[in-house]
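J.: You'll find upload_22.csv just under this line, and it carries CSV, C-alpha atoms and all ligand atoms.
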chain,number,residue,atom,x,y,z
A,1,MET,CA,0.0,0.0,0.0
A,2,SER,CA,2.6,2.6,1.0
A,3,LEU,CA,4.9,1.5,-1.9
A,4,ASP,CA,2.1,2.5,-4.2
A,5,VAL,CA,1.9,5.9,-2.6
A,6,VAL,CA,5.7,6.3,-3.1
A,7,ASN,CA,5.5,5.3,-6.7
A,8,ASN,CA,2.6,7.7,-7.3
A,9,LEU,CA,4.5,10.5,-5.7
A,10,VAL,CA,7.4,9.9,-8.1
A,11,ILE,CA,5.1,10.1,-11.1
A,12,LEU,CA,3.4,13.3,-9.8
A,13,ALA,CA,6.7,14.9,-8.9
A,14,LYS,CA,8.2,14.2,-12.3
A,15,LEU,CA,5.2,15.6,-14.0
A,16,ALA,CA,5.2,18.8,-11.9
A,17,ILE,CA,8.9,19.2,-12.5
A,18,THR,CA,8.8,18.8,-16.3
A,19,GLN,CA,5.9,21.2,-16.4
A,20,SER,CA,7.7,24.0,-14.5
A,21,ASN,CA,8.7,26.6,-17.1
A,22,ASN,CA,10.8,28.8,-14.9
A,23,ILE,CA,13.3,28.4,-12.1
A,24,ASP,CA,11.1,29.8,-9.4
A,25,ALA,CA,8.2,27.5,-10.1
A,26,LEU,CA,10.6,24.6,-10.3
A,27,GLU,CA,12.0,25.4,-6.9
A,28,LYS,CA,8.5,25.5,-5.4
A,29,VAL,CA,7.9,22.0,-6.8
A,30,ARG,CA,11.2,20.8,-5.3
A,31,ILE,CA,10.3,22.1,-1.8
A,32,LYS,CA,6.8,20.5,-2.1
A,33,PHE,CA,8.2,17.1,-2.8
A,34,LEU,CA,11.8,17.0,-1.5
A,35,GLY,CA,11.8,19.7,1.2
A,36,LYS,CA,12.2,18.9,4.9
A,37,LYS,CA,8.4,18.9,5.3
A,38,GLY,CA,7.8,17.7,1.8
A,39,TYR,CA,5.7,14.7,0.7
A,40,LEU,CA,8.6,12.2,0.7
A,41,ASN,CA,9.8,13.1,4.2
A,42,GLN,CA,6.3,12.7,5.4
A,43,GLN,CA,6.4,9.2,4.1
A,44,ILE,CA,9.5,8.6,6.2
A,45,LYS,CA,7.6,9.8,9.3
A,46,ASN,CA,4.7,7.5,8.4
A,47,ILE,CA,7.0,4.5,8.2
A,48,TYR,CA,6.3,3.7,11.9
A,49,HIS,CA,2.7,2.9,11.0
A,50,THR,CA,4.0,0.0,8.8
A,51,PRO,CA,4.7,-3.4,10.1
A,52,SER,CA,8.4,-3.6,11.1
A,53,GLU,CA,9.3,-6.3,8.5
A,54,LEU,CA,8.2,-4.1,5.7
A,55,ARG,CA,10.1,-1.0,6.9
A,56,PRO,CA,13.5,-1.6,5.3
A,57,LYS,CA,12.0,-2.1,1.9
A,58,LEU,CA,9.8,0.9,2.2
A,59,GLY,CA,12.7,3.0,3.5
A,60,ALA,CA,14.9,2.0,0.5
A,61,ALA,CA,12.0,2.8,-1.9
A,62,ILE,CA,11.5,6.3,-0.4
A,63,ASN,CA,15.3,7.0,-0.7
A,64,LYS,CA,15.4,5.8,-4.3
A,65,ALA,CA,12.3,7.9,-5.1
A,66,LYS,CA,14.0,11.0,-3.6
A,67,LYS,CA,17.1,10.4,-5.8
A,68,ASP,CA,15.0,9.8,-8.8
A,69,ILE,CA,13.0,13.0,-8.4
A,70,TYR,CA,16.1,15.0,-7.6
A,71,LYS,CA,17.7,13.7,-10.8
A,72,THR,CA,14.7,14.9,-12.8
A,73,PHE,CA,14.8,18.2,-10.9
A,74,ILE,CA,18.4,18.8,-11.9
A,75,GLU,CA,17.7,17.9,-15.5
A,76,GLN,CA,14.9,20.4,-15.7
A,77,LYS,CA,16.9,23.1,-13.9
A,78,ASN,CA,19.7,22.7,-16.6
A,79,ILE,CA,17.1,22.9,-19.4
A,80,LEU,CA,15.6,26.1,-17.9
A,81,ASN,CA,19.1,27.7,-17.2
A,82,SER,CA,20.3,27.1,-20.8
A,83,LYS,CA,17.0,28.5,-22.1
A,84,ARG,CA,17.5,31.6,-20.0
A,85,ILE,CA,21.1,32.1,-21.2
A,86,LYS,CA,20.0,31.7,-24.8
A,87,ASN,CA,17.2,34.3,-24.4
A,88,THR,CA,19.6,36.9,-22.9
A,89,LEU,CA,22.1,36.1,-25.7
A,90,ILE,CA,19.4,36.7,-28.3
A,91,ARG,CA,18.2,39.8,-26.6
A,92,ASP,CA,21.7,41.3,-26.4
A,93,MET,CA,22.8,40.1,-29.7
A,94,LEU,CA,24.5,42.6,-32.0
A,95,ASP,CA,23.5,42.0,-35.6
A,96,VAL,CA,26.5,43.3,-37.6
A,97,THR,CA,24.6,42.7,-40.9
A,98,LEU,CA,22.0,45.4,-40.1
A,99,PRO,CA,22.3,48.6,-42.2
A,100,GLY,CA,23.7,51.5,-40.3
A,101,ARG,CA,21.5,54.3,-39.0
A,102,LEU,CA,21.9,57.4,-41.2
A,103,SER,CA,22.6,60.5,-39.3
A,104,ASP,CA,20.6,63.5,-40.4
A,105,ILE,CA,22.6,65.9,-42.5
A,106,GLY,CA,21.8,69.5,-41.6
A,107,THR,CA,21.7,72.5,-43.9
A,108,HIS,CA,22.2,76.2,-43.8
A,109,HIS,CA,19.4,78.5,-42.5
A,110,PRO,CA,17.8,80.2,-45.5
A,111,ILE,CA,19.0,83.6,-44.2
A,112,THR,CA,22.6,82.2,-44.1
A,113,GLY,CA,22.1,80.9,-47.6
A,114,THR,CA,21.1,84.3,-48.9
A,115,ILE,CA,24.0,86.0,-47.1
A,116,LYS,CA,26.4,83.5,-48.8
A,117,ARG,CA,25.1,84.3,-52.2
A,118,MET,CA,25.2,88.0,-51.6
A,119,LYS,CA,28.8,87.7,-50.5
A,120,LEU,CA,29.8,85.7,-53.5
A,121,PHE,CA,28.3,88.3,-55.9
A,122,PHE,CA,29.8,91.4,-54.3
A,123,LYS,CA,33.2,89.8,-53.6
A,124,SER,CA,33.4,89.1,-57.3
A,125,LEU,CA,33.1,92.9,-57.9
A,126,GLY,CA,36.0,93.6,-55.5
A,127,PHE,CA,34.0,94.4,-52.3
A,128,SER,CA,35.4,93.2,-49.0
A,129,VAL,CA,33.3,92.1,-46.0
A,130,ILE,CA,33.6,94.0,-42.7
A,131,TYR,CA,31.5,93.8,-39.6
A,132,GLY,CA,30.3,96.3,-37.0
A,133,PRO,CA,29.0,96.0,-33.4
A,134,GLU,CA,25.4,95.3,-32.7
A,135,ILE,CA,25.5,97.4,-29.6
A,136,GLU,CA,26.1,100.7,-31.1
A,137,ASP,CA,26.7,104.3,-30.1
A,138,ASP,CA,24.0,106.9,-31.1
A,139,TYR,CA,26.9,108.7,-32.9
A,140,PHE,CA,27.4,105.9,-35.4
A,141,ASN,CA,23.8,104.8,-35.7
A,142,PHE,CA,22.3,108.3,-36.0
A,143,ASP,CA,24.4,111.5,-35.6
A,144,ALA,CA,27.2,110.7,-38.1
A,145,LEU,CA,24.5,109.7,-40.6
A,146,ASN,CA,23.0,113.1,-40.4
A,147,ILE,CA,20.2,112.0,-38.1
A,148,PRO,CA,20.7,114.3,-35.1
A,149,ALA,CA,18.5,114.0,-31.9
A,150,TYR,CA,14.9,115.2,-32.6
A,151,HIS,CA,15.3,114.5,-36.3
A,152,PRO,CA,11.9,113.1,-37.3
A,153,SER,CA,13.4,110.0,-38.9
A,154,ARG,CA,14.8,108.9,-35.5
A,155,ASP,CA,11.2,108.1,-34.6
A,156,GLU,CA,10.8,105.7,-37.5
A,157,HIS,CA,13.4,103.5,-36.1
A,158,ASP,CA,11.6,102.4,-32.9
A,159,THR,CA,14.9,102.0,-31.1
A,160,PHE,CA,15.9,99.7,-28.2
A,161,TRP,CA,17.9,102.0,-26.0
A,162,PHE,CA,20.3,100.8,-23.2
A,163,ASP,CA,20.9,104.3,-21.9
A,164,GLU,CA,21.2,107.9,-23.3
A,165,LYS,CA,24.1,106.9,-25.6
A,166,ARG,CA,23.9,103.2,-26.3
A,167,LEU,CA,21.4,101.3,-28.4
A,168,LEU,CA,20.8,98.1,-30.4
A,169,ARG,CA,21.6,99.3,-33.9
A,170,THR,CA,18.5,99.9,-36.0
A,171,HIS,CA,20.4,99.5,-39.3
A,172,THR,CA,23.8,98.5,-40.6
A,173,SER,CA,24.4,102.0,-42.0
A,174,GLY,CA,26.7,102.8,-39.0
A,175,VAL,CA,29.3,100.5,-40.5
A,176,GLN,CA,29.6,103.0,-43.4
A,177,ILE,CA,30.8,105.6,-41.0
A,178,ARG,CA,33.2,103.2,-39.3
A,179,ALA,CA,34.7,102.2,-42.7
A,180,MET,CA,35.1,105.8,-44.0
A,181,THR,CA,36.7,106.8,-40.7
A,182,ASP,CA,39.2,103.8,-40.8
A,183,LYS,CA,40.1,103.7,-44.5
A,184,ASN,CA,41.0,106.1,-47.2
A,185,PRO,CA,39.3,105.9,-50.6
A,186,PRO,CA,38.9,104.0,-52.8
A,187,ILE,CA,36.6,102.0,-50.5
A,188,ARG,CA,34.4,99.0,-51.5
A,189,ILE,CA,32.8,97.3,-48.5
A,190,ILE,CA,29.8,95.3,-47.7
A,191,SER,CA,28.6,94.4,-44.2
A,192,PHE,CA,26.0,91.9,-42.9
A,193,GLY,CA,24.4,91.6,-39.6
A,194,ARG,CA,21.5,91.7,-37.2
A,195,VAL,CA,19.6,94.9,-36.6
A,196,TYR,CA,16.8,95.6,-34.1
A,197,ARG,CA,13.6,97.5,-34.0
A,198,LYS,CA,10.5,97.4,-31.8
A,199,ASP,CA,8.2,95.9,-34.4
A,200,TYR,CA,6.3,92.6,-34.8
A,201,ASP,CA,3.9,91.4,-37.4
A,202,HIS,CA,4.0,89.2,-40.5
A,203,ASN,CA,6.4,91.6,-42.2
A,204,HIS,CA,8.5,92.6,-39.2
A,205,THR,CA,10.4,90.9,-36.4
A,206,PRO,CA,12.2,92.8,-33.6
A,207,MET,CA,15.5,91.3,-34.9
A,208,PHE,CA,16.2,91.0,-38.6
A,209,HIS,CA,19.2,91.1,-41.0
A,210,GLN,CA,20.5,93.8,-43.3
A,211,MET,CA,23.3,94.0,-45.8
A,212,GLU,CA,25.0,97.4,-46.2
A,213,GLY,CA,27.1,98.4,-49.1
A,214,LEU,CA,29.4,101.3,-49.7
A,215,MET,CA,31.6,102.3,-52.7
A,216,ILE,CA,33.7,105.5,-52.7
A,217,ASP,CA,36.0,106.3,-55.6
A,218,SER,CA,36.7,108.9,-58.1
A,219,ASN,CA,34.0,109.5,-60.8
A,220,ILE,CA,31.3,107.5,-59.2
A,221,ASP,CA,27.7,108.5,-60.0
A,222,LEU,CA,24.2,107.2,-59.8
A,223,SER,CA,24.5,105.1,-62.9
A,224,HIS,CA,27.1,102.9,-61.2
A,225,LEU,CA,24.8,102.4,-58.3
A,226,LYS,CA,21.9,101.4,-60.4
A,227,LYS,CA,23.9,99.1,-62.6
A,228,ILE,CA,25.5,97.2,-59.7
A,229,LEU,CA,22.2,96.8,-57.8
A,230,TYR,CA,20.2,95.8,-60.9
A,231,ASP,CA,22.9,93.2,-61.8
A,232,PHE,CA,22.9,91.9,-58.3
A,233,LEU,CA,19.1,91.5,-58.2
A,234,TYR,CA,18.9,89.8,-61.7
A,235,ASN,CA,21.6,87.5,-60.6
A,236,PHE,CA,20.0,86.8,-57.2
A,237,PHE,CA,16.6,85.9,-58.7
A,238,GLY,CA,18.1,84.2,-61.7
A,239,LYS,CA,16.1,86.2,-64.2
A,240,LYS,CA,15.2,89.7,-65.3
A,241,ILE,CA,12.6,90.5,-62.8
A,242,ASP,CA,10.5,93.8,-63.0
A,243,LEU,CA,12.3,96.5,-61.0
A,244,ARG,CA,11.5,100.2,-60.3
A,245,PHE,CA,14.0,102.8,-59.3
A,246,ARG,CA,12.0,105.3,-57.3
A,247,PRO,CA,13.1,108.6,-55.7
A,248,SER,CA,13.1,108.6,-51.9
A,249,TYR,CA,14.6,110.3,-48.9
A,250,PHE,CA,17.3,109.2,-46.5
A,251,PRO,CA,19.2,111.8,-44.4
A,252,PHE,CA,22.5,110.3,-45.3
A,253,THR,CA,22.2,110.2,-49.1
A,254,GLU,CA,21.5,112.8,-51.8
A,255,PRO,CA,19.9,112.0,-54.1
A,256,SER,CA,18.2,109.0,-52.4
A,257,ALA,CA,16.3,106.2,-54.1
A,258,GLU,CA,14.5,102.9,-53.4
A,259,ILE,CA,14.3,99.9,-55.6
A,260,ASP,CA,10.9,98.1,-55.7
A,261,VAL,CA,10.2,94.7,-57.2
A,262,MET,CA,6.9,93.7,-58.8
A,263,GLU,CA,5.1,90.9,-57.1
A,264,GLN,CA,4.1,88.7,-60.0
A,265,LYS,CA,0.8,87.4,-58.5
A,266,THR,CA,-0.7,90.7,-57.4
A,267,GLY,CA,1.1,93.2,-59.6
A,268,ASN,CA,2.0,95.2,-56.5
A,269,TRP,CA,5.3,97.0,-56.1
A,270,LEU,CA,7.2,95.8,-53.0
A,271,GLU,CA,10.0,98.0,-51.6
A,272,LEU,CA,13.2,96.1,-51.5
A,273,LEU,CA,16.1,98.3,-50.6
A,274,GLY,CA,17.2,101.9,-50.0
A,275,CYS,CA,20.2,103.5,-51.6
A,276,GLY,CA,21.7,106.8,-52.8
A,277,MET,CA,24.8,108.9,-53.3
A,278,VAL,CA,26.5,109.4,-49.9
A,279,HIS,CA,25.6,112.9,-48.7
A,280,PRO,CA,28.6,115.4,-49.1
A,281,LYS,CA,28.0,116.5,-45.5
A,282,ILE,CA,28.9,113.0,-44.3
A,283,LEU,CA,31.9,112.8,-46.6
A,284,HIS,CA,33.2,116.1,-45.2
A,285,HIS,CA,32.6,115.0,-41.7
A,286,VAL,CA,34.7,111.9,-42.1
A,287,GLY,CA,37.4,113.8,-43.9
A,288,ILE,CA,37.0,112.7,-47.5
A,289,ASN,CA,37.8,115.2,-50.2
A,290,THR,CA,34.5,115.7,-52.1
A,291,GLU,CA,36.4,117.4,-55.0
A,292,LYS,CA,38.1,114.1,-55.7
A,293,PHE,CA,35.8,111.4,-54.4
A,294,SER,CA,32.1,110.5,-54.4
A,295,GLY,CA,30.3,107.3,-53.7
A,296,PHE,CA,27.1,105.5,-53.2
A,297,ALA,CA,25.6,103.4,-50.4
A,298,PHE,CA,22.8,100.9,-50.1
A,299,GLY,CA,21.0,98.9,-47.5
A,300,ILE,CA,19.0,95.7,-48.2
A,301,GLY,CA,16.7,93.7,-45.9
A,302,ILE,CA,17.9,90.1,-46.1
A,303,GLU,CA,14.6,88.5,-44.9
A,304,ARG,CA,12.6,90.5,-47.4
A,305,LEU,CA,14.9,89.3,-50.2
A,306,THR,CA,14.7,85.7,-49.1
A,307,MET,CA,10.9,85.9,-48.8
A,308,LEU,CA,10.6,87.1,-52.3
A,309,LEU,CA,13.0,84.4,-53.6
A,310,TYR,CA,11.0,81.5,-52.0
A,311,ASN,CA,7.5,83.1,-52.0
A,312,ILE,CA,7.3,83.2,-48.2
A,313,SER,CA,4.5,85.4,-46.9
A,314,ASP,CA,5.3,85.5,-43.1
A,315,MET,CA,8.7,86.7,-42.0
A,316,ARG,CA,8.3,85.2,-38.5
A,317,VAL,CA,8.9,81.6,-39.9
A,318,PHE,CA,12.6,82.3,-40.2
A,319,PHE,CA,13.0,82.5,-36.4
A,320,LYS,CA,10.6,79.7,-35.2
A,321,ASN,CA,13.2,76.9,-35.4
A,322,ASP,CA,10.5,74.8,-37.2
A,323,LEU,CA,12.3,71.8,-38.7
A,324,GLN,CA,9.6,71.1,-41.2
A,325,PHE,CA,10.1,74.6,-42.6
A,326,LEU,CA,13.9,74.5,-42.4
A,327,GLU,CA,14.3,71.1,-44.0
A,328,GLN,CA,12.9,72.4,-47.2
A,329,PHE,CA,16.1,74.3,-47.8
A,330,LYS,CA,18.3,71.1,-48.0
B,1,LIG,N1,19.5,102.2,-43.4
B,1,LIG,C1,18.4,102.2,-44.2
B,1,LIG,C2,17.2,101.5,-43.5
B,1,LIG,O1,17.5,100.7,-42.6
B,1,LIG,C3,18.6,101.6,-45.5
B,1,LIG,C4,19.6,102.4,-46.4
B,1,LIG,C5,19.1,103.4,-47.2
B,1,LIG,C6,20.9,102.2,-46.3
B,1,LIG,C7,19.9,104.1,-48.0
B,1,LIG,C8,21.8,102.9,-47.1
B,1,LIG,C9,21.3,103.9,-47.9
B,1,LIG,O2,23.1,102.7,-47.1
B,1,LIG,O3,22.1,104.6,-48.7
B,1,LIG,O4,16.1,101.7,-43.9
Before we go any further, please render this structure as structure tokens.
Ligand code: DAH

T.:
Amino acid sequence: MSLDVVNNLVILAKLAITQSNNIDALEKVRIKFLGKKGYLNQQIKNIYHTPSELRPKLGAAINKAKKDIYKTFIEQKNILNSKRIKNTLIRDMLDVTLPGRLSDIGTHHPITGTIKRMKLFFKSLGFSVIYGPEIEDDYFNFDALNIPAYHPSRDEHDTFWFDEKRLLRTHTSGVQIRAMTDKNPPIRIISFGRVYRKDYDHNHTPMFHQMEGLMIDSNIDLSHLKKILYDFLYNFFGKKIDLRFRPSYFPFTEPSAEIDVMEQKTGNWLELLGCGMVHPKILHHVGINTEKFSGFAFGIGIERLTMLLYNISDMRVFFKNDLQFLEQFK
């Protein structure tokens, strides 16, 4: 009777062991059958209820059953361990045949792209690039350009002032004064940079970019100015666009003009840049002999130019860091 129990326990234990699919479950089965208080040790305790002549045989059967079960337990443990190792190997495996991850290649910001093209054109005509400070003196930004305090055109500039004397430059024209103060004619310079005005709508951002140009030499007149700027614009847009040379007013040029471009869709004229012959007053002031030398200057809004090139209607997109917009310029 008890031998049958032992045999049944062996069958049950082996079944439970081979059905354990992880180490924890397997360990629980081991404790249940082979633990101190497990089923087989209980049989040993019960041995005293059997007639004494049967005890040695039963005892031997229980011991053999324990060994048997333990053997199956070890086999299953080995199987589960190697499965676990295989799984971690698969998980951590490095597949050297996979294609590499492409890193995203960036591109220049459209404003930078426009600046590069402008540089290329004007350098080919012998202009050199100089830079001026963004924090400027009211002398260079206004006074030396014939815009004294209380001059009405100061109001148009919506200036960010730091104190009575210092400001964020409202245009790049101050660089002209610095160039004429530092160099003797002939002078051919261009300058690029950020300028600032308190203004914000689809056509204005408080920070934007301008390019300034200045050419001083003997025998320079308005025809040189017009020719160079028209050539630049035809080259920049890659075709003969409709342009208009319109009289205007700037305190630092005489005569002054603006160039407008025709917007194809609407037929409207859009103002593109300001220019003119440098005012004799300014040349005198920086010590240039007006008997011998004359020159022209111009200032171009770089955002405006870029918007026209790519048909962009809102200037603010340039400064939103919107990748979807920027990636189009790759
Ligand atoms: N500084 C002017 C502006 O910001 C643009 C300009 C006009 C620059 C005429 C010039 C110039 O050099 O001659 O509106």

J.: Mind giving me the straight-line distance from CA of Asp137 (chain A) to CA of His204 (chain A) in Å, one decimal?

T.: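 So the answer is 23.5 Å.
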
J.: What's the separation between CA of Glu258 (chain A) and atom O2 of ligand LIG 1 (chain B), in Å to one decimal place?

T.: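 Taking CA of Glu258 (chain A) as the start and atom O2 of ligand LIG 1 (chain B) as the end point, the length is 10.7 Å.
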
J.: With distances taken over only C-alpha atoms, which of A:Pro206, A:Gly132, A:Gly276, A:Gly193 is nearest to Val175 (chain A)?

T.: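 Distance minimum relative to Val175 (chain A) lands on A:Gly132.
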
J.: Hey, could you make a per-residue contact list for chain A against ligand LIG 1 (chain B) with 7 Å as the cut-off, showing the nearest pair of atoms and its distance in Å to one decimal, counting all atoms listed in the file, sorted by chain and number, as a Markdown table?

T.:
| residue | atom | partner | partner_atom | distance |
| --- | --- | --- | --- | --- |
| A:Thr170 | CA | B:LIG1 | O1 | 6.7 |
| A:His171 | CA | B:LIG1 | O1 | 4.6 |
| A:Thr172 | CA | B:LIG1 | N1 | 6.3 |
| A:Ser173 | CA | B:LIG1 | N1 | 5.1 |
| A:Glu212 | CA | B:LIG1 | O2 | 5.7 |
| A:Gly213 | CA | B:LIG1 | O2 | 6.2 |
| A:Leu214 | CA | B:LIG1 | O2 | 7.0 |
| A:Phe250 | CA | B:LIG1 | C7 | 5.9 |
| A:Phe252 | CA | B:LIG1 | O3 | 6.6 |
| A:Thr253 | CA | B:LIG1 | O3 | 5.6 |
| A:Ser256 | CA | B:LIG1 | C7 | 6.8 |
| A:Leu273 | CA | B:LIG1 | C3 | 6.6 |
| A:Gly274 | CA | B:LIG1 | C5 | 3.7 |
| A:Cys275 | CA | B:LIG1 | O3 | 3.6 |
| A:Gly276 | CA | B:LIG1 | O3 | 4.7 |
| A:Met277 | CA | B:LIG1 | O3 | 6.9 |
| A:Val278 | CA | B:LIG1 | O3 | 6.6 |
| A:Phe296 | CA | B:LIG1 | O3 | 6.8 |
| A:Ala297 | CA | B:LIG1 | O3 | 4.1 |
| A:Phe298 | CA | B:LIG1 | O2 | 3.5 |
| A:Gly299 | CA | B:LIG1 | C6 | 3.5 |
| A:Ile300 | CA | B:LIG1 | C3 | 6.5 |

J.: Hey, can you spit out that residue selection with C-alpha atoms as an mmCIF file, in the frame of the given file?

T.:
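This is the output file out02.cif:
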data_model
loop_
_atom_site.group_PDB
_atom_site.id
_atom_site.type_symbol
_atom_site.label_atom_id
_atom_site.label_comp_id
_atom_site.auth_asym_id
_atom_site.auth_seq_id
_atom_site.Cartn_x
_atom_site.Cartn_y
_atom_site.Cartn_z
ATOM 1 C CA THR A 170 18.500 99.900 -36.000
ATOM 2 C CA HIS A 171 20.400 99.500 -39.300
ATOM 3 C CA THR A 172 23.800 98.500 -40.600
ATOM 4 C CA SER A 173 24.400 102.000 -42.000
ATOM 5 C CA GLU A 212 25.000 97.400 -46.200
ATOM 6 C CA GLY A 213 27.100 98.400 -49.100
ATOM 7 C CA LEU A 214 29.400 101.300 -49.700
ATOM 8 C CA PHE A 250 17.300 109.200 -46.500
ATOM 9 C CA PHE A 252 22.500 110.300 -45.300
ATOM 10 C CA THR A 253 22.200 110.200 -49.100
ATOM 11 C CA SER A 256 18.200 109.000 -52.400
ATOM 12 C CA LEU A 273 16.100 98.300 -50.600
ATOM 13 C CA GLY A 274 17.200 101.900 -50.000
ATOM 14 C CA CYS A 275 20.200 103.500 -51.600
ATOM 15 C CA GLY A 276 21.700 106.800 -52.800
ATOM 16 C CA MET A 277 24.800 108.900 -53.300
ATOM 17 C CA VAL A 278 26.500 109.400 -49.900
ATOM 18 C CA PHE A 296 27.100 105.500 -53.200
ATOM 19 C CA ALA A 297 25.600 103.400 -50.400
ATOM 20 C CA PHE A 298 22.800 100.900 -50.100
ATOM 21 C CA GLY A 299 21.000 98.900 -47.500
ATOM 22 C CA ILE A 300 19.000 95.700 -48.200
#

J.: For Ala144 (chain A), which residue out of A:Leu283, A:Ile31, A:Leu168, A:Leu323 is the nearest one, using all atoms listed in the file?

T.: A:Leu283

J.: Name all residues at most 6 Å from Leu167 (chain A) (count all atoms listed in the file; drop same-chain ones fewer than 4 positions away) and give them as a list in words.

T.: Ile135, Glu136, Phe160, Trp161 and Phe162 of chain A

J.: Around the point (11.9, 98.5, -54.0) (coordinates from the file), which residues reach within 8 Å if we count all atoms listed in the file? Answer as a ChimeraX atom specification.

T.: /A:243-246,258-261,269-274

J.: So, with all atoms listed in the file as the atoms that count, which of A:Leu80, A:Leu3, A:Ile187, A:Ile44 lies closest to Gln19 (chain A)?

T.: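 Once distances to Gln19 (chain A) are computed over all atoms listed in the file, the minimum belongs to A:Leu80.
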
J.: Since the input lacks some atoms of region 281-294 of chain A, please model N, CA and C atoms and print them as a PDB file, in the coordinates of the input.

T.:
ATOM      1  N   LYS A 281      27.818 116.124 -46.921  1.00  0.00           N
ATOM      2  CA  LYS A 281      28.000 116.500 -45.500  1.00  0.00           C
ATOM      3  C   LYS A 281      28.697 115.393 -44.733  1.00  0.00           C
ATOM      4  N   ILE A 282      28.303 114.156 -45.051  1.00  0.00           N
ATOM      5  CA  ILE A 282      28.900 113.000 -44.300  1.00  0.00           C
ATOM      6  C   ILE A 282      30.322 112.773 -44.784  1.00  0.00           C
ATOM      7  N   LEU A 283      30.573 112.940 -46.098  1.00  0.00           N
ATOM      8  CA  LEU A 283      31.900 112.800 -46.600  1.00  0.00           C
ATOM      9  C   LEU A 283      32.867 113.812 -45.942  1.00  0.00           C
ATOM     10  N   HIS A 284      32.407 115.048 -45.872  1.00  0.00           N
ATOM     11  CA  HIS A 284      33.200 116.100 -45.200  1.00  0.00           C
ATOM     12  C   HIS A 284      33.493 115.713 -43.777  1.00  0.00           C
ATOM     13  N   HIS A 285      32.451 115.284 -43.120  1.00  0.00           N
ATOM     14  CA  HIS A 285      32.600 115.000 -41.700  1.00  0.00           C
ATOM     15  C   HIS A 285      33.611 113.906 -41.408  1.00  0.00           C
ATOM     16  N   VAL A 286      33.736 112.919 -42.291  1.00  0.00           N
ATOM     17  CA  VAL A 286      34.700 111.900 -42.100  1.00  0.00           C
ATOM     18  C   VAL A 286      36.063 112.185 -42.770  1.00  0.00           C
ATOM     19  N   GLY A 287      36.156 113.385 -43.335  1.00  0.00           N
ATOM     20  CA  GLY A 287      37.400 113.800 -43.900  1.00  0.00           C
ATOM     21  C   GLY A 287      37.741 113.332 -45.279  1.00  0.00           C
ATOM     22  N   ILE A 288      36.712 113.079 -46.076  1.00  0.00           N
ATOM     23  CA  ILE A 288      37.000 112.700 -47.500  1.00  0.00           C
ATOM     24  C   ILE A 288      36.792 113.863 -48.375  1.00  0.00           C
ATOM     25  N   ASN A 289      37.761 114.047 -49.260  1.00  0.00           N
ATOM     26  CA  ASN A 289      37.800 115.200 -50.200  1.00  0.00           C
ATOM     27  C   ASN A 289      36.710 115.031 -51.248  1.00  0.00           C
ATOM     28  N   THR A 290      35.674 115.871 -51.174  1.00  0.00           N
ATOM     29  CA  THR A 290      34.500 115.700 -52.100  1.00  0.00           C
ATOM     30  C   THR A 290      34.866 116.263 -53.504  1.00  0.00           C
ATOM     31  N   GLU A 291      35.975 116.947 -53.615  1.00  0.00           N
ATOM     32  CA  GLU A 291      36.400 117.400 -55.000  1.00  0.00           C
ATOM     33  C   GLU A 291      36.890 116.160 -55.742  1.00  0.00           C
ATOM     34  N   LYS A 292      37.519 115.237 -55.010  1.00  0.00           N
ATOM     35  CA  LYS A 292      38.100 114.100 -55.700  1.00  0.00           C
ATOM     36  C   LYS A 292      37.231 112.851 -55.653  1.00  0.00           C
ATOM     37  N   PHE A 293      36.475 112.704 -54.574  1.00  0.00           N
ATOM     38  CA  PHE A 293      35.800 111.400 -54.400  1.00  0.00           C
ATOM     39  C   PHE A 293      34.269 111.615 -54.196  1.00  0.00           C
ATOM     40  N   SER A 294      33.552 110.605 -54.663  1.00  0.00           N
ATOM     41  CA  SER A 294      32.100 110.500 -54.400  1.00  0.00           C
ATOM     42  C   SER A 294      31.801 109.052 -54.225  1.00  0.00           C
TER      43      SER A 294
END
